[in-house]
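The file target-v4.tsv contains TSV, C-alpha atoms:
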chain	number	residue	atom	x	y	z
A	1	MET	CA	94.10	133.39	93.69
A	2	PHE	CA	90.88	135.16	92.72
A	3	THR	CA	92.16	136.01	89.24
A	4	LYS	CA	92.84	132.32	88.74
A	5	LEU	CA	89.36	131.47	90.04
A	6	GLN	CA	87.75	133.93	87.65
A	7	ASN	CA	89.68	132.40	84.74
A	8	ILE	CA	88.52	128.93	85.80
A	9	LYS	CA	84.92	130.11	85.93
A	10	THR	CA	85.24	131.66	82.47
A	11	ARG	CA	86.58	128.38	81.12
A	12	TYR	CA	83.81	126.44	82.90
A	13	ASN	CA	81.13	128.65	81.34
A	14	PHE	CA	82.74	128.20	77.91
A	15	LEU	CA	82.72	124.40	78.33
A	16	THR	CA	79.09	124.46	79.50
A	17	GLU	CA	78.11	126.29	76.33
A	18	GLU	CA	80.24	124.10	74.06
A	19	LEU	CA	78.76	120.88	75.47
A	20	SER	CA	75.32	121.95	74.29
A	21	LYS	CA	76.44	122.37	70.67
A	22	SER	CA	75.57	119.60	68.21
A	23	GLU	CA	78.98	119.71	66.50
A	24	VAL	CA	80.70	119.00	69.83
A	25	ILE	CA	78.24	116.27	70.79
A	26	SER	CA	78.79	114.54	67.43
A	27	ASP	CA	82.58	114.58	67.94
A	28	ASN	CA	82.94	111.75	70.44
A	29	ALA	CA	86.59	112.40	71.34
A	30	LEU	CA	86.12	116.15	71.80
A	31	TYR	CA	82.89	115.65	73.75
A	32	LYS	CA	84.57	113.22	76.19
A	33	LYS	CA	87.49	115.61	76.61
A	34	TYR	CA	85.20	118.56	77.40
A	35	VAL	CA	83.01	116.49	79.76
A	36	LYS	CA	86.08	115.37	81.72
A	37	GLU	CA	87.46	118.92	81.99
A	38	HIS	CA	84.03	120.32	82.88
A	39	SER	CA	83.62	117.74	85.62
A	40	ALA	CA	87.09	118.52	87.02
A	41	LEU	CA	86.23	122.21	87.32
A	42	THR	CA	82.73	121.81	88.80
A	43	ASP	CA	83.70	121.66	92.50
A	44	VAL	CA	85.93	124.74	92.20
A	45	VAL	CA	83.29	126.78	90.38
A	46	GLU	CA	80.50	125.81	92.78
A	47	CYS	CA	82.65	126.75	95.77
A	48	PHE	CA	83.66	130.04	94.11
A	49	ASP	CA	80.00	130.85	93.35
A	50	GLN	CA	79.15	130.26	97.00
A	51	TYR	CA	82.05	132.48	98.04
A	52	GLN	CA	80.87	135.33	95.78
A	53	LYS	CA	77.33	134.96	97.11
A	54	VAL	CA	78.44	135.20	100.74
A	55	GLU	CA	80.81	138.05	99.87
A	56	LYS	CA	77.89	140.05	98.41
A	57	GLU	CA	75.76	139.28	101.46
A	58	LEU	CA	78.55	140.62	103.70
A	59	LYS	CA	78.91	143.78	101.63
A	60	ASP	CA	75.15	144.41	101.78
A	61	CYS	CA	75.17	143.78	105.52
A	62	GLN	CA	78.05	146.22	106.07
A	63	GLU	CA	76.25	148.91	104.06
A	64	MET	CA	73.15	148.46	106.21
A	65	LEU	CA	75.25	148.68	109.37
A	66	GLU	CA	76.50	152.10	108.30
A	67	MET	CA	72.91	153.40	107.92
A	68	GLU	CA	71.14	151.60	110.76
A	69	THR	CA	70.55	153.37	114.08
A	70	ASP	CA	68.33	150.91	115.94
A	71	LYS	CA	70.44	149.09	118.57
A	72	GLU	CA	68.59	145.79	118.30
A	73	MET	CA	68.83	145.81	114.51
A	74	LEU	CA	72.51	146.76	114.70
A	75	SER	CA	73.15	143.76	116.93
A	76	LEU	CA	71.43	141.40	114.48
A	77	LEU	CA	73.27	142.86	111.51
A	78	GLN	CA	76.61	142.61	113.30
A	79	GLU	CA	75.92	138.97	114.14
A	80	GLU	CA	75.07	138.29	110.50
A	81	ALA	CA	78.24	140.05	109.34
A	82	ASN	CA	80.40	138.03	111.73
A	83	GLN	CA	78.82	134.79	110.48
A	84	SER	CA	79.46	135.80	106.85
A	85	LYS	CA	83.11	136.59	107.64
A	86	ALA	CA	83.54	133.18	109.26
A	87	THR	CA	81.93	131.47	106.26
A	88	LEU	CA	84.19	133.38	103.87
A	89	GLY	CA	87.20	132.17	105.83
A	90	GLU	CA	86.04	128.55	105.56
A	91	LEU	CA	85.34	128.90	101.84
A	92	THR	CA	88.75	130.51	101.27
A	93	ASP	CA	90.48	127.54	102.88
A	94	LYS	CA	88.37	125.15	100.82
A	95	LEU	CA	89.22	127.00	97.60
A	96	LYS	CA	92.93	126.87	98.40
A	97	VAL	CA	92.69	123.10	98.73
A	98	LEU	CA	90.64	122.76	95.54
A	99	LEU	CA	93.27	124.77	93.63
A	100	LEU	CA	96.11	122.48	94.69
A	101	PRO	CA	97.64	120.55	91.76
A	102	LYS	CA	95.77	117.29	91.33
A	103	ASP	CA	97.63	114.00	91.18
A	104	PRO	CA	97.28	113.02	87.50
A	105	ASN	CA	96.98	109.37	88.53
A	106	ASP	CA	94.08	109.81	90.95
A	107	ASP	CA	91.34	108.75	88.54
A	108	LYS	CA	93.19	105.66	87.32
A	109	ASN	CA	92.82	102.01	88.15
A	110	VAL	CA	95.34	100.76	90.70
A	111	ILE	CA	97.64	97.74	90.81
A	112	VAL	CA	98.25	96.32	94.29
A	113	GLU	CA	101.09	93.96	95.19
A	114	ILE	CA	101.08	92.20	98.57
A	115	ARG	CA	103.99	90.12	99.88
A	116	GLY	CA	104.54	88.33	103.14
A	117	GLY	CA	107.58	89.78	104.92
A	118	ALA	CA	109.23	88.92	108.23
A	119	GLY	CA	107.37	86.27	110.21
A	120	GLY	CA	107.16	83.22	107.98
A	121	GLU	CA	103.74	81.57	107.77
A	122	GLU	CA	102.18	84.12	110.15
A	123	ALA	CA	103.19	86.90	107.75
A	124	ALA	CA	101.73	84.93	104.84
A	125	LEU	CA	98.45	84.45	106.71
A	126	PHE	CA	98.19	88.16	107.46
A	127	ALA	CA	99.02	88.97	103.83
A	128	ASN	CA	95.91	86.99	102.90
A	129	GLU	CA	93.88	88.98	105.45
A	130	LEU	CA	95.10	92.23	103.91
A	131	ARG	CA	94.08	90.97	100.47
A	132	ARG	CA	90.61	90.17	101.84
A	133	MET	CA	90.44	93.63	103.46
A	134	TYR	CA	91.25	95.38	100.20
A	135	TYR	CA	88.80	93.20	98.25
A	136	MET	CA	86.02	94.11	100.70
A	137	PHE	CA	86.94	97.81	100.55
A	138	ALA	CA	86.79	97.66	96.75
A	139	ASP	CA	83.42	95.91	96.91
A	140	LYS	CA	82.03	98.65	99.17
A	141	ASN	CA	83.02	101.16	96.49
A	142	ARG	CA	81.62	98.96	93.70
A	143	TRP	CA	85.02	98.55	92.10
A	144	LYS	CA	86.01	95.41	90.20
A	145	ILE	CA	88.93	93.16	91.19
A	146	ASP	CA	91.10	91.56	88.49
A	147	GLU	CA	93.58	89.05	89.90
A	148	ILE	CA	96.91	89.01	88.07
A	149	ASP	CA	99.15	86.67	90.04
A	150	VAL	CA	98.61	84.64	93.22
A	151	ASN	CA	101.16	82.49	95.05
A	152	GLU	CA	99.58	80.79	98.05
A	153	THR	CA	101.06	78.71	100.88
A	154	GLU	CA	99.84	75.27	101.91
A	155	LEU	CA	98.21	76.69	105.06
A	156	GLY	CA	96.14	79.26	103.18
A	157	GLY	CA	98.51	82.20	103.42
A	158	LEU	CA	99.97	84.31	100.64
A	159	LYS	CA	103.59	84.37	99.63
A	160	GLU	CA	102.65	87.13	97.22
A	161	CYS	CA	99.78	88.30	95.09
A	162	THR	CA	99.07	91.00	92.54
A	163	PHE	CA	95.66	92.32	91.59
A	164	MET	CA	94.13	95.33	89.90
A	165	VAL	CA	91.28	97.41	91.30
A	166	VAL	CA	89.23	98.72	88.38
A	167	GLY	CA	87.11	101.79	89.04
A	168	ASN	CA	87.14	105.56	88.77
A	169	GLY	CA	89.26	107.07	91.52
A	170	ALA	CA	90.62	103.72	92.75
A	171	TYR	CA	94.22	104.94	92.81
A	172	SER	CA	93.30	108.04	94.83
A	173	ARG	CA	91.92	105.80	97.60
A	174	PHE	CA	94.70	103.21	97.57
A	175	LYS	CA	97.79	105.35	97.00
A	176	PHE	CA	98.65	105.78	100.68
A	177	GLU	CA	98.59	102.02	101.36
A	178	GLY	CA	102.12	101.41	100.05
A	179	GLY	CA	104.68	100.41	102.67
A	180	VAL	CA	105.24	97.93	105.47
A	181	HIS	CA	102.17	96.78	107.42
A	182	ARG	CA	103.02	95.31	110.83
A	183	VAL	CA	100.79	92.87	112.71
A	184	GLN	CA	101.07	92.05	116.43
A	185	ARG	CA	99.07	89.06	117.65
A	186	VAL	CA	99.24	85.54	119.06
A	187	PRO	CA	99.50	83.07	116.15
A	188	GLU	CA	97.22	80.05	116.20
A	189	THR	CA	100.31	77.83	116.28
A	190	GLU	CA	101.71	79.57	119.39
A	191	SER	CA	101.18	77.28	122.40
A	192	GLN	CA	102.65	79.68	124.98
A	193	GLY	CA	100.34	82.56	124.13
A	194	ARG	CA	103.20	84.85	123.15
A	195	ILE	CA	102.55	87.84	120.89
A	196	HIS	CA	104.47	87.70	117.62
A	197	THR	CA	105.28	90.58	115.31
A	198	SER	CA	105.16	89.98	111.56
A	199	THR	CA	105.25	92.24	108.53
A	200	VAL	CA	103.65	92.41	105.11
A	201	THR	CA	104.74	94.73	102.31
A	202	VAL	CA	102.26	96.47	100.03
A	203	ALA	CA	103.19	98.22	96.79
A	204	ILE	CA	100.80	100.53	94.94
A	205	LEU	CA	101.03	101.39	91.23
A	206	PRO	CA	98.74	103.40	88.97
A	207	GLU	CA	97.69	101.51	85.85
A	208	ALA	CA	99.77	102.92	83.00
A	209	VAL	CA	97.43	102.62	80.02
A	210	ASP	CA	97.67	106.13	78.60
A	211	VAL	CA	101.43	106.69	78.69
A	212	ASP	CA	103.92	106.10	75.91
A	213	ILE	CA	106.59	103.70	77.14
A	214	GLU	CA	108.69	101.89	74.58
A	215	ILE	CA	109.55	98.32	75.49
A	216	ASN	CA	112.06	96.57	73.25
A	217	GLU	CA	111.34	92.87	72.85
A	218	LYS	CA	115.11	92.24	72.93
A	219	ASP	CA	115.12	93.53	76.51
A	220	LEU	CA	112.64	90.89	77.65
A	221	LYS	CA	113.18	87.39	78.97
A	222	VAL	CA	109.90	85.48	78.78
A	223	ASP	CA	109.33	82.22	80.66
A	224	THR	CA	106.24	80.03	80.62
A	225	TYR	CA	105.20	77.65	83.35
A	226	ARG	CA	102.19	75.79	84.67
A	227	SER	CA	99.74	77.77	86.73
A	228	SER	CA	99.00	76.81	90.32
A	229	GLY	CA	96.07	77.40	92.62
A	230	ALA	CA	92.39	77.70	91.77
A	231	GLY	CA	91.25	77.12	88.24
A	232	GLY	CA	90.51	73.46	87.83
A	233	GLN	CA	92.46	70.91	85.82
A	234	HIS	CA	93.20	73.34	83.01
A	235	VAL	CA	95.81	75.28	84.96
A	236	ASN	CA	97.80	72.15	85.71
A	237	LYS	CA	97.89	70.79	82.15
A	238	THR	CA	99.06	73.76	80.11
A	239	GLU	CA	101.98	76.14	80.48
A	240	SER	CA	99.72	79.19	80.30
A	241	ALA	CA	101.40	81.22	83.06
A	242	ILE	CA	103.86	83.91	81.98
A	243	ARG	CA	106.87	85.43	83.73
A	244	ILE	CA	108.58	88.40	82.07
A	245	THR	CA	111.91	89.85	83.15
A	246	HIS	CA	112.88	93.32	81.93
A	247	LEU	CA	116.65	92.90	81.62
A	248	PRO	CA	117.74	96.58	81.74
A	249	THR	CA	115.94	97.23	85.05
A	250	GLY	CA	115.65	93.74	86.54
A	251	ILE	CA	111.88	94.17	86.98
A	252	VAL	CA	110.03	90.84	87.03
A	253	VAL	CA	106.29	90.46	86.47
A	254	ALA	CA	104.12	87.37	86.30
A	255	CYS	CA	100.55	86.47	85.49
A	256	GLN	CA	98.83	83.10	85.84
A	257	THR	CA	95.18	83.91	86.44
A	258	GLN	CA	93.98	84.08	82.82
A	259	ARG	CA	92.94	81.03	80.80
A	260	SER	CA	95.33	81.46	77.90
A	261	GLN	CA	99.00	82.24	77.52
A	262	ILE	CA	98.12	85.20	75.29
A	263	GLN	CA	95.85	86.72	77.93
A	264	ASN	CA	98.45	86.20	80.65
A	265	ARG	CA	101.10	87.82	78.48
A	266	GLU	CA	98.89	90.86	77.84
A	267	GLN	CA	98.25	91.24	81.56
A	268	ALA	CA	101.94	90.78	82.40
A	269	MET	CA	102.94	93.41	79.82
A	270	LEU	CA	100.45	95.83	81.37
A	271	MET	CA	102.05	95.17	84.75
A	272	LEU	CA	105.52	95.75	83.32
A	273	LYS	CA	104.44	98.97	81.65
A	274	SER	CA	102.96	100.22	84.94
A	275	LYS	CA	106.12	99.35	86.88
A	276	LEU	CA	108.34	101.06	84.32
A	277	TYR	CA	106.06	104.10	84.36
A	278	ASP	CA	106.33	104.27	88.15
A	279	LEU	CA	110.13	103.88	87.98
A	280	TYR	CA	110.64	106.53	85.30
A	281	GLN	CA	108.21	108.93	86.93
A	282	THR	CA	110.05	108.70	90.25
A	283	GLN	CA	113.44	109.18	88.62
A	284	ALA	CA	112.27	112.10	86.51
A	285	ASP	CA	110.50	113.94	89.31
A	286	LYS	CA	112.78	114.02	92.36
A	287	GLU	CA	111.08	117.14	93.63
A	288	TYR	CA	107.74	115.33	93.76
A	289	ALA	CA	109.34	112.37	95.53
A	290	GLN	CA	110.77	114.75	98.14
A	291	ALA	CA	107.38	116.38	98.57
A	292	ARG	CA	105.84	113.00	99.32
A	293	LYS	CA	108.35	112.48	102.13
A	294	THR	CA	107.17	115.67	103.79
A	295	GLN	CA	103.55	114.63	103.56
A	296	VAL	CA	102.33	111.22	104.69
A	297	GLY	CA	105.39	109.22	103.71
A	298	THR	CA	107.12	108.01	100.62
A	299	GLY	CA	105.10	104.83	100.23
A	300	ASP	CA	108.41	102.99	100.07
A	301	ARG	CA	108.21	99.30	100.89
A	302	SER	CA	110.91	99.68	103.56
A	303	GLU	CA	108.86	102.21	105.51
A	304	ARG	CA	106.65	100.89	108.33
A	305	ILE	CA	103.40	102.74	107.87
A	306	ARG	CA	100.84	100.93	110.00
A	307	THR	CA	100.46	98.54	112.94
A	308	TYR	CA	97.56	96.14	113.47
A	309	ASN	CA	97.52	95.27	117.18
A	310	PHE	CA	95.10	92.42	117.88
A	311	PRO	CA	95.38	92.29	121.72
A	312	GLN	CA	94.33	95.95	121.92
A	313	GLY	CA	91.97	95.79	118.95
A	314	ARG	CA	93.56	98.84	117.37
A	315	VAL	CA	95.09	99.91	114.08
A	316	THR	CA	97.53	102.83	114.03
A	317	ASP	CA	98.90	104.71	111.05
A	318	HIS	CA	102.33	105.98	112.10
A	319	ARG	CA	102.64	108.64	109.39
A	320	ILE	CA	99.84	110.78	110.82
A	321	GLY	CA	99.52	109.31	114.32
A	322	PHE	CA	95.95	108.22	113.65
A	323	THR	CA	94.46	105.31	115.64
A	324	LEU	CA	91.18	103.44	115.34
A	325	TYR	CA	89.94	100.97	117.96
A	326	SER	CA	87.85	98.97	115.53
A	327	LEU	CA	90.34	96.47	114.14
A	328	GLU	CA	87.76	93.82	113.26
A	329	ASN	CA	85.68	96.23	111.21
A	330	PHE	CA	88.83	97.64	109.63
A	331	LEU	CA	89.91	94.20	108.43
A	332	ASN	CA	86.39	93.74	107.04
A	333	GLY	CA	87.03	96.58	104.61
A	334	ASP	CA	85.87	99.56	106.70
A	335	ILE	CA	89.03	101.55	106.02
A	336	ALA	CA	87.37	104.68	104.57
A	337	GLU	CA	87.92	106.74	107.75
A	338	MET	CA	91.65	105.99	107.69
A	339	VAL	CA	91.86	106.71	103.96
A	340	GLU	CA	90.11	110.06	104.45
A	341	ALA	CA	92.42	111.02	107.34
A	342	LEU	CA	95.44	110.30	105.14
A	343	ARG	CA	93.97	112.30	102.26
A	344	ILE	CA	93.31	115.32	104.50
A	345	ALA	CA	96.81	115.11	106.00
A	346	ASP	CA	98.29	115.05	102.50
A	347	GLN	CA	96.22	118.05	101.41
A	348	THR	CA	97.14	119.98	104.57
A	349	ALA	CA	100.85	119.34	104.03
A	350	LYS	CA	100.61	120.41	100.38
A	351	LEU	CA	98.74	123.57	101.37
A	352	GLN	CA	101.32	124.51	103.97
A	353	SER	CA	104.08	123.83	101.48
A	354	SER	CA	102.45	126.06	98.83
A	355	GLN	CA	102.01	128.89	101.35
A	356	ASN	CA	105.68	128.69	102.35
A	357	ASP	CA	106.87	128.86	98.74
Using structure tokens, write down the structure that the file contains.
Amino acid sequence: MFTKLQNIKTRYNFLTEELSKSEVISDNALYKKYVKEHSALTDVVECFDQYQKVEKELKDCQEMLEMETDKEMLSLLQEEANQSKATLGELTDKLKVLLLPKDPNDDKNVIVEIRGGAGGEEAALFANELRRMYYMFADKNRWKIDEIDVNETELGGLKECTFMVVGNGAYSRFKFEGGVHRVQRVPETESQGRIHTSTVTVAILPEAVDVDIEINEKDLKVDTYRSSGAGGQHVNKTESAIRITHLPTGIVVACQTQRSQIQNREQAMLMLKSKLYDLYQTQADKEYAQARKTQVGTGDRSERIRTYNFPQGRVTDHRIGFTLYSLENFLNGDIAEMVEALRIADQTAKLQSSQND
């Protein structure tokens, strides 16, 4: 591990020097590439520097212990040595985590699909609440929301919706949200006060903007239709909405939120590209898919990942057995604690897996 760390530090120092050179600064593409790599290595190098500093302090302390004869001073030095050993242990664990392979999609924008599942209108209403929750979470992180497709019910629920969260690291914070979300509560239409259970499915995709996926126009079935929902009279007068079916895979994407048919088509094609990327990546990397199952879940839409229990005011993530008794705040976008718990669980599982290999 330490040979690898030393190589990383050598590379980091090289990049630091290169980024100060005028010929690199003037080369926009090369400069951006070096800045990105330098930034990715910073946390590892800073932690390694701290480790080496504490390691030297421990060595100095141990040398002094061998020469010291005063009992009081020996006690102080031994206490300092024990503290340094404990710190080295903590830094070693941190370095192991930092050296884990990074998900290449973590820094990307994320596409979120929400669909009402079992439960009829109650499921649709909760789907809308989940959309609001994710919008508020994005807002807290100063990320932008781009709506792609929205299909609402007459009572204000959501049959389905698709939106993109635009911001650095958005995918890394949303990637564990994929799966079945279950809600338990008394619907407003329930006269007997009985608790109903409904479900909503959430799918998470990284935006595939930097991958080479060939899409043959002959494989596409393109339909146009009139948009519905918010947007004024314009959306009802022109067939600006686009639905694209990828015939070889059966994947269907739609976009109706842009003003023109051209814009909707561009957005729909981006969606299709992202879905194909996700499909091909999963097929090509079965080992990675298996690893996800041993961590916090596959993210598959058929897997129940979380329960929102209104009578008890709690939200429980079943993959890691984590419960919060602050459901109202959670639905107002305060989901960072849950997201962090899932991230740590994922890192811990990966670390254990790497140690067993």
**Message:** Taking 5 positions as the minimum chain separation for residues in the same chain, which residues sit within 9 Å of Asp278 in chain A when counting all atoms listed in the file? Answer as a ChimeraX atom specification.
**Reply:** /A:205-206,208,273,283
**Asked** Do you know which residues are at most 10 Å from Glu160 in chain A counting all atoms listed in the file, after dropping those on the same chain fewer than 6 positions away, and could you put them as a ChimeraX atom specification?
**Response** /A:113-117,124,127-128,131,149-153,200-202
**Answer as a PyMOL selection string, residues within 10 Å of (86.0, 124.3, 82.4) using only C-alpha atoms** = chain A and resi 7-16+34-42+44-45
**Message:** One number please: CA of Ser240 in chain A to CA of Leu158 in chain A, in Å, one decimal.
**Reply:**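 About the pair CA of Ser240 in chain A and CA of Leu158 in chain A: they are 21.0 Å apart.
In this comparison, which uses all atoms listed in the file, the residue of A:Asn329, A:Ser84, A:Thr92, A:Ser198 approaching Leu5 in chain A most closely is A:Thr92.
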**Message:** As an exercise, work out the distance from CA of Leu125 in chain A to CA of Val252 in chain A in Å and give it to one decimal place.
**Reply:** 23.7 Å
**Message:** So that I can check the surroundings of range 269-271 of chain A, please list as an MDAnalysis selection string every protein, DNA and RNA residue that reaches within 9 Å of it, counting all atoms listed in the file and ignoring chain neighbours fewer than 6 positions away.
**Reply:** chainID A and resid 111 148 207:209 244 253:255
**Item:** Computed interatomic separation between CA of Phe174 in chain A and CA of Gln258 in chain A (Å)
**Value:** 24.2 Å
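Nearest-residue note for Asp146 in chain A: choosing from A:Gln256, A:Tyr31, A:Glu66, A:Gln50, the minimum distance belongs to A:Gln256, counting all atoms listed in the file.
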**Request:** Write out as a ChimeraX atom specification which residues come within 9 Å of range 314-328 of chain A when counting all atoms listed in the file, dropping same-chain ones fewer than 4 positions away.
**Result:** /A:295-297,304-310,332,334,337-338,341-342,345
Write out N, CA and C atoms for range 75-102 of chain A, as an mmCIF file, keeping the file's coordinate frame.
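Output file rebuild.cif is given in full below:
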data_model
loop_
_atom_site.group_PDB
_atom_site.id
_atom_site.type_symbol
_atom_site.label_atom_id
_atom_site.label_comp_id
_atom_site.auth_asym_id
_atom_site.auth_seq_id
_atom_site.Cartn_x
_atom_site.Cartn_y
_atom_site.Cartn_z
ATOM 1 N N SER A 75 72.625 144.995 116.334
ATOM 2 C CA SER A 75 73.150 143.760 116.930
ATOM 3 C C SER A 75 72.928 142.570 115.997
ATOM 4 N N LEU A 76 71.741 142.495 115.405
ATOM 5 C CA LEU A 76 71.430 141.400 114.480
ATOM 6 C C LEU A 76 72.288 141.463 113.223
ATOM 7 N N LEU A 77 72.467 142.689 112.711
ATOM 8 C CA LEU A 77 73.270 142.860 111.510
ATOM 9 C C LEU A 77 74.736 142.523 111.772
ATOM 10 N N GLN A 78 75.221 142.908 112.958
ATOM 11 C CA GLN A 78 76.610 142.610 113.300
ATOM 12 C C GLN A 78 76.837 141.106 113.426
ATOM 13 N N GLU A 79 75.846 140.425 114.001
ATOM 14 C CA GLU A 79 75.920 138.970 114.140
ATOM 15 C C GLU A 79 75.939 138.300 112.763
ATOM 16 N N GLU A 80 75.117 138.837 111.859
ATOM 17 C CA GLU A 80 75.070 138.290 110.500
ATOM 18 C C GLU A 80 76.387 138.546 109.774
ATOM 19 N N ALA A 81 76.957 139.714 109.978
ATOM 20 C CA ALA A 81 78.240 140.050 109.340
ATOM 21 C C ALA A 81 79.355 139.140 109.839
ATOM 22 N N ASN A 82 79.366 138.901 111.146
ATOM 23 C CA ASN A 82 80.400 138.030 111.730
ATOM 24 C C ASN A 82 80.285 136.598 111.180
ATOM 25 N N GLN A 83 79.048 136.132 111.021
ATOM 26 C CA GLN A 83 78.820 134.790 110.480
ATOM 27 C C GLN A 83 79.301 134.717 109.032
ATOM 28 N N SER A 84 79.029 135.763 108.255
ATOM 29 C CA SER A 84 79.460 135.800 106.850
ATOM 30 C C SER A 84 80.985 135.802 106.748
ATOM 31 N N LYS A 85 81.647 136.553 107.642
ATOM 32 C CA LYS A 85 83.110 136.590 107.640
ATOM 33 C C LYS A 85 83.694 135.200 107.941
ATOM 34 N N ALA A 86 83.076 134.525 108.907
ATOM 35 C CA ALA A 86 83.540 133.180 109.260
ATOM 36 C C ALA A 86 83.352 132.214 108.091
ATOM 37 N N THR A 87 82.204 132.335 107.416
ATOM 38 C CA THR A 87 81.930 131.470 106.260
ATOM 39 C C THR A 87 82.907 131.741 105.130
ATOM 40 N N LEU A 88 83.226 133.029 104.912
ATOM 41 C CA LEU A 88 84.190 133.380 103.870
ATOM 42 C C LEU A 88 85.562 132.776 104.172
ATOM 43 N N GLY A 89 85.924 132.763 105.446
ATOM 44 C CA GLY A 89 87.200 132.170 105.830
ATOM 45 C C GLY A 89 87.240 130.681 105.527
ATOM 46 N N GLU A 90 86.128 130.002 105.836
ATOM 47 C CA GLU A 90 86.040 128.550 105.560
ATOM 48 C C GLU A 90 86.084 128.275 104.065
ATOM 49 N N LEU A 91 85.369 129.091 103.294
ATOM 50 C CA LEU A 91 85.340 128.900 101.840
ATOM 51 C C LEU A 91 86.691 129.212 101.206
ATOM 52 N N THR A 92 87.405 130.188 101.780
ATOM 53 C CA THR A 92 88.750 130.510 101.270
ATOM 54 C C THR A 92 89.683 129.330 101.451
ATOM 55 N N ASP A 93 89.635 128.716 102.624
ATOM 56 C CA ASP A 93 90.480 127.540 102.880
ATOM 57 C C ASP A 93 90.110 126.397 101.939
ATOM 58 N N LYS A 94 88.821 126.217 101.708
ATOM 59 C CA LYS A 94 88.370 125.150 100.820
ATOM 60 C C LYS A 94 88.839 125.402 99.389
ATOM 61 N N LEU A 95 88.775 126.659 98.951
ATOM 62 C CA LEU A 95 89.220 127.000 97.600
ATOM 63 C C LEU A 95 90.717 126.779 97.432
ATOM 64 N N LYS A 96 91.471 127.089 98.464
ATOM 65 C CA LYS A 96 92.930 126.870 98.400
ATOM 66 C C LYS A 96 93.241 125.397 98.194
ATOM 67 N N VAL A 97 92.488 124.549 98.883
ATOM 68 C CA VAL A 97 92.690 123.100 98.730
ATOM 69 C C VAL A 97 92.270 122.648 97.336
ATOM 70 N N LEU A 98 91.141 123.152 96.857
ATOM 71 C CA LEU A 98 90.640 122.760 95.540
ATOM 72 C C LEU A 98 91.580 123.197 94.408
ATOM 73 N N LEU A 99 92.353 124.257 94.648
ATOM 74 C CA LEU A 99 93.270 124.770 93.630
ATOM 75 C C LEU A 99 94.625 124.074 93.648
ATOM 76 N N LEU A 100 94.848 123.215 94.643
ATOM 77 C CA LEU A 100 96.110 122.480 94.690
ATOM 78 C C LEU A 100 96.230 121.591 93.452
ATOM 79 N N PRO A 101 97.454 121.432 92.939
ATOM 80 C CA PRO A 101 97.640 120.550 91.760
ATOM 81 C C PRO A 101 97.124 119.150 92.059
ATOM 82 N N LYS A 102 96.336 118.614 91.151
ATOM 83 C CA LYS A 102 95.770 117.290 91.330
ATOM 84 C C LYS A 102 96.746 116.217 90.853
#
